[in-house]
>>> print(open('data-v5.pdb').read())   # PDB, C-alpha atoms
ATOM      1  CA  MET A   1      -7.995  23.245 -26.271  1.00  0.00           C
ATOM      2  CA  PRO A   2      -7.954  19.471 -25.587  1.00  0.00           C
ATOM      3  CA  VAL A   3      -7.072  17.097 -28.390  1.00  0.00           C
ATOM      4  CA  ASN A   4      -9.608  14.364 -29.115  1.00  0.00           C
ATOM      5  CA  ASP A   5      -8.137  10.876 -29.088  1.00  0.00           C
ATOM      6  CA  ILE A   6     -10.582   9.326 -31.577  1.00  0.00           C
ATOM      7  CA  VAL A   7     -11.627  11.033 -34.825  1.00  0.00           C
ATOM      8  CA  TYR A   8     -13.870   9.634 -37.568  1.00  0.00           C
ATOM      9  CA  VAL A   9     -13.266  10.943 -41.098  1.00  0.00           C
ATOM     10  CA  VAL A  10     -15.842  10.490 -43.857  1.00  0.00           C
ATOM     11  CA  LYS A  11     -14.415  10.980 -47.357  1.00  0.00           C
ATOM     12  CA  ASN A  12     -16.329  11.143 -50.637  1.00  0.00           C
ATOM     13  CA  GLU A  13     -14.394   8.750 -52.866  1.00  0.00           C
ATOM     14  CA  SER A  14     -16.025  10.145 -56.039  1.00  0.00           C
ATOM     15  CA  THR A  15     -14.714  13.671 -55.542  1.00  0.00           C
ATOM     16  CA  GLY A  16     -11.887  13.166 -53.030  1.00  0.00           C
ATOM     17  CA  ASP A  17     -13.478  15.702 -50.657  1.00  0.00           C
ATOM     18  CA  ILE A  18     -13.652  15.243 -46.905  1.00  0.00           C
ATOM     19  CA  GLU A  19     -17.360  15.302 -46.086  1.00  0.00           C
ATOM     20  CA  MET A  20     -16.987  15.181 -42.304  1.00  0.00           C
ATOM     21  CA  ALA A  21     -14.450  14.849 -39.503  1.00  0.00           C
ATOM     22  CA  THR A  22     -16.050  14.239 -36.118  1.00  0.00           C
ATOM     23  CA  THR A  23     -15.551  12.659 -32.713  1.00  0.00           C
ATOM     24  CA  ASN A  24     -19.156  11.439 -32.734  1.00  0.00           C
ATOM     25  CA  ASP A  25     -19.105   7.790 -33.844  1.00  0.00           C
ATOM     26  CA  PHE A  26     -22.888   7.602 -34.272  1.00  0.00           C
ATOM     27  CA  GLU A  27     -22.964  10.648 -36.563  1.00  0.00           C
ATOM     28  CA  ALA A  28     -20.101   9.287 -38.699  1.00  0.00           C
ATOM     29  CA  TRP A  29     -21.605   5.798 -38.933  1.00  0.00           C
ATOM     30  CA  CYS A  30     -25.057   7.116 -39.931  1.00  0.00           C
ATOM     31  CA  TYR A  31     -23.564   9.303 -42.668  1.00  0.00           C
ATOM     32  CA  TYR A  32     -21.445   6.383 -43.933  1.00  0.00           C
ATOM     33  CA  ARG A  33     -24.488   4.088 -43.895  1.00  0.00           C
ATOM     34  CA  ASP A  34     -26.704   6.552 -45.805  1.00  0.00           C
ATOM     35  CA  VAL A  35     -24.270   7.755 -48.500  1.00  0.00           C
ATOM     36  CA  PRO A  36     -22.960   4.915 -50.704  1.00  0.00           C
ATOM     37  CA  THR A  37     -19.963   6.778 -52.179  1.00  0.00           C
ATOM     38  CA  VAL A  38     -18.162   7.647 -48.930  1.00  0.00           C
ATOM     39  CA  SER A  39     -15.461   5.795 -47.014  1.00  0.00           C
ATOM     40  CA  LEU A  40     -14.988   5.896 -43.239  1.00  0.00           C
ATOM     41  CA  SER A  41     -11.563   6.120 -41.578  1.00  0.00           C
ATOM     42  CA  VAL A  42     -10.913   5.935 -37.840  1.00  0.00           C
ATOM     43  CA  PHE A  43      -7.940   7.694 -36.275  1.00  0.00           C
ATOM     44  CA  ILE A  44      -6.663   7.324 -32.710  1.00  0.00           C
ATOM     45  CA  LYS A  45      -4.113   9.928 -31.661  1.00  0.00           C
ATOM     46  CA  LYS A  46      -3.551  10.855 -35.338  1.00  0.00           C
ATOM     47  CA  ASN A  47      -2.849   7.235 -36.396  1.00  0.00           C
ATOM     48  CA  MET A  48      -5.299   5.512 -38.749  1.00  0.00           C
ATOM     49  CA  VAL A  49      -6.501   2.306 -37.116  1.00  0.00           C
ATOM     50  CA  GLY A  50      -9.521   1.475 -39.287  1.00  0.00           C
ATOM     51  CA  TYR A  51     -10.898   1.926 -42.785  1.00  0.00           C
ATOM     52  CA  MET A  52     -14.215   0.966 -44.361  1.00  0.00           C
ATOM     53  CA  PRO A  53     -14.481   1.347 -48.146  1.00  0.00           C
ATOM     54  CA  PRO A  54     -17.595   2.772 -49.847  1.00  0.00           C
ATOM     55  CA  SER A  55     -20.570   0.439 -49.903  1.00  0.00           C
ATOM     56  CA  ASN A  56     -21.638   1.535 -53.430  1.00  0.00           C
ATOM     57  CA  LYS A  57     -25.176   0.226 -52.931  1.00  0.00           C
TER      58      LYS A  57
END
>>> encode(input="data-v5.pdb", output="structure tokens")
Amino acid sequence: MPVNDIVYVVKNESTGDIEMATTNDFEAWCYYRDVPTVSLSVFIKKNMVGYMPPSNK
């Protein structure tokens, strides 16, 4: 099975649960945009290269 180079992880900061881990950037961004209590982390080859904190609208 091939390893994906870029993975987006959406974490619920209220509960500490991982809501989603996906290679689809659009899906991750839409979920992050619509749910104010989640953070979005970006990993490339298992190294975190980006983090967006919860928006808490």
>>> atom_distance(input="data-v5.pdb", atom1="CA of Asp34 (chain A)", atom2="CA of Asp5 (chain A)")
25.4 Å
>>> closest_residue(input="data-v5.pdb", among="A:Lys45, A:Arg33, A:Pro54, A:Asn24", to="Lys11 (chain A)", atoms="all atoms listed in the file")
A:Pro54
>>> residues_near_point(input="data-v5.pdb", point="(-20.8, 5.4, -37.4)", cutoff="12 Å", atoms="all atoms listed in the file", output="ChimeraX atom specification")
/A:7-10,20-35,39-42,51-52
>>> atom_distance(input="data-v5.pdb", atom1="CA of Ile6 (chain A)", atom2="CA of Asn56 (chain A)")
25.7 Å
>>> atom_distance(input="data-v5.pdb", atom1="CA of Thr15 (chain A)", atom2="CA of Pro53 (chain A)")
14.4 Å
>>> build_atoms(input="data-v5.pdb", residues="region 31-55 of chain A", atoms="N, CA, C and O atoms", output="mmCIF file, in the coordinates of the input")
data_model
loop_
_atom_site.group_PDB
_atom_site.id
_atom_site.type_symbol
_atom_site.label_atom_id
_atom_site.label_comp_id
_atom_site.auth_asym_id
_atom_site.auth_seq_id
_atom_site.Cartn_x
_atom_site.Cartn_y
_atom_site.Cartn_z
ATOM 1 N N TYR A 31 -23.881 8.674 -41.382
ATOM 2 C CA TYR A 31 -23.564 9.303 -42.668
ATOM 3 C C TYR A 31 -22.982 8.264 -43.614
ATOM 4 O O TYR A 31 -23.358 8.183 -44.782
ATOM 5 N N TYR A 32 -22.055 7.442 -43.118
ATOM 6 C CA TYR A 32 -21.445 6.383 -43.933
ATOM 7 C C TYR A 32 -22.512 5.402 -44.426
ATOM 8 O O TYR A 32 -22.502 4.997 -45.585
ATOM 9 N N ARG A 33 -23.428 5.043 -43.557
ATOM 10 C CA ARG A 33 -24.488 4.088 -43.895
ATOM 11 C C ARG A 33 -25.424 4.646 -44.968
ATOM 12 O O ARG A 33 -25.874 3.911 -45.844
ATOM 13 N N ASP A 34 -25.706 5.947 -44.920
ATOM 14 C CA ASP A 34 -26.704 6.552 -45.805
ATOM 15 C C ASP A 34 -26.160 7.033 -47.146
ATOM 16 O O ASP A 34 -26.928 7.240 -48.081
ATOM 17 N N VAL A 35 -24.863 7.230 -47.261
ATOM 18 C CA VAL A 35 -24.270 7.755 -48.500
ATOM 19 C C VAL A 35 -23.335 6.680 -49.071
ATOM 20 O O VAL A 35 -22.281 6.410 -48.507
ATOM 21 N N PRO A 36 -23.707 6.073 -50.202
ATOM 22 C CA PRO A 36 -22.960 4.915 -50.704
ATOM 23 C C PRO A 36 -21.583 5.212 -51.293
ATOM 24 O O PRO A 36 -20.802 4.299 -51.516
ATOM 25 N N THR A 37 -21.249 6.472 -51.538
ATOM 26 C CA THR A 37 -19.963 6.778 -52.179
ATOM 27 C C THR A 37 -18.894 7.270 -51.202
ATOM 28 O O THR A 37 -17.847 7.737 -51.632
ATOM 29 N N VAL A 38 -19.138 7.156 -49.898
ATOM 30 C CA VAL A 38 -18.162 7.647 -48.930
ATOM 31 C C VAL A 38 -17.459 6.487 -48.220
ATOM 32 O O VAL A 38 -18.013 5.408 -48.050
ATOM 33 N N SER A 39 -16.210 6.743 -47.828
ATOM 34 C CA SER A 39 -15.461 5.795 -47.014
ATOM 35 C C SER A 39 -15.363 6.358 -45.601
ATOM 36 O O SER A 39 -15.524 7.563 -45.382
ATOM 37 N N LEU A 40 -15.086 5.491 -44.646
ATOM 38 C CA LEU A 40 -14.988 5.896 -43.239
ATOM 39 C C LEU A 40 -13.636 5.461 -42.702
ATOM 40 O O LEU A 40 -13.281 4.281 -42.781
ATOM 41 N N SER A 41 -12.861 6.414 -42.190
ATOM 42 C CA SER A 41 -11.563 6.120 -41.578
ATOM 43 C C SER A 41 -11.632 6.484 -40.106
ATOM 44 O O SER A 41 -12.260 7.474 -39.729
ATOM 45 N N VAL A 42 -10.955 5.695 -39.286
ATOM 46 C CA VAL A 42 -10.913 5.935 -37.840
ATOM 47 C C VAL A 42 -9.468 6.207 -37.445
ATOM 48 O O VAL A 42 -8.567 5.428 -37.783
ATOM 49 N N PHE A 43 -9.279 7.310 -36.728
ATOM 50 C CA PHE A 43 -7.940 7.694 -36.275
ATOM 51 C C PHE A 43 -7.924 7.757 -34.747
ATOM 52 O O PHE A 43 -8.844 8.301 -34.141
ATOM 53 N N ILE A 44 -6.892 7.201 -34.150
ATOM 54 C CA ILE A 44 -6.663 7.324 -32.710
ATOM 55 C C ILE A 44 -5.307 7.993 -32.534
ATOM 56 O O ILE A 44 -4.285 7.476 -33.013
ATOM 57 N N LYS A 45 -5.318 9.122 -31.869
ATOM 58 C CA LYS A 45 -4.113 9.928 -31.661
ATOM 59 C C LYS A 45 -3.344 10.125 -32.967
ATOM 60 O O LYS A 45 -2.143 9.904 -33.042
ATOM 61 N N LYS A 46 -4.072 10.514 -34.012
ATOM 62 C CA LYS A 46 -3.551 10.855 -35.338
ATOM 63 C C LYS A 46 -3.026 9.654 -36.130
ATOM 64 O O LYS A 46 -2.420 9.832 -37.177
ATOM 65 N N ASN A 47 -3.249 8.431 -35.660
ATOM 66 C CA ASN A 47 -2.849 7.235 -36.396
ATOM 67 C C ASN A 47 -4.093 6.521 -36.898
ATOM 68 O O ASN A 47 -5.005 6.246 -36.121
ATOM 69 N N MET A 48 -4.128 6.204 -38.197
ATOM 70 C CA MET A 48 -5.299 5.512 -38.749
ATOM 71 C C MET A 48 -5.286 4.058 -38.270
ATOM 72 O O MET A 48 -4.314 3.344 -38.466
ATOM 73 N N VAL A 49 -6.389 3.658 -37.643
ATOM 74 C CA VAL A 49 -6.501 2.306 -37.116
ATOM 75 C C VAL A 49 -7.627 1.507 -37.790
ATOM 76 O O VAL A 49 -7.745 0.315 -37.560
ATOM 77 N N GLY A 50 -8.430 2.178 -38.609
ATOM 78 C CA GLY A 50 -9.521 1.475 -39.287
ATOM 79 C C GLY A 50 -9.940 2.186 -40.552
ATOM 80 O O GLY A 50 -9.805 3.405 -40.669
ATOM 81 N N TYR A 51 -10.429 1.381 -41.512
ATOM 82 C CA TYR A 51 -10.898 1.926 -42.785
ATOM 83 C C TYR A 51 -12.020 1.044 -43.301
ATOM 84 O O TYR A 51 -11.907 -0.186 -43.292
ATOM 85 N N MET A 52 -13.101 1.674 -43.730
ATOM 86 C CA MET A 52 -14.215 0.966 -44.361
ATOM 87 C C MET A 52 -14.421 1.593 -45.731
ATOM 88 O O MET A 52 -14.690 2.796 -45.829
ATOM 89 N N PRO A 53 -14.303 0.803 -46.802
ATOM 90 C CA PRO A 53 -14.481 1.347 -48.146
ATOM 91 C C PRO A 53 -15.942 1.690 -48.421
ATOM 92 O O PRO A 53 -16.838 1.273 -47.670
ATOM 93 N N PRO A 54 -16.213 2.420 -49.498
ATOM 94 C CA PRO A 54 -17.595 2.772 -49.847
ATOM 95 C C PRO A 54 -18.424 1.516 -50.077
ATOM 96 O O PRO A 54 -17.920 0.504 -50.570
ATOM 97 N N SER A 55 -19.694 1.589 -49.724
ATOM 98 C CA SER A 55 -20.570 0.439 -49.903
ATOM 99 C C SER A 55 -21.085 0.342 -51.333
ATOM 100 O O SER A 55 -21.406 -0.735 -51.811
#
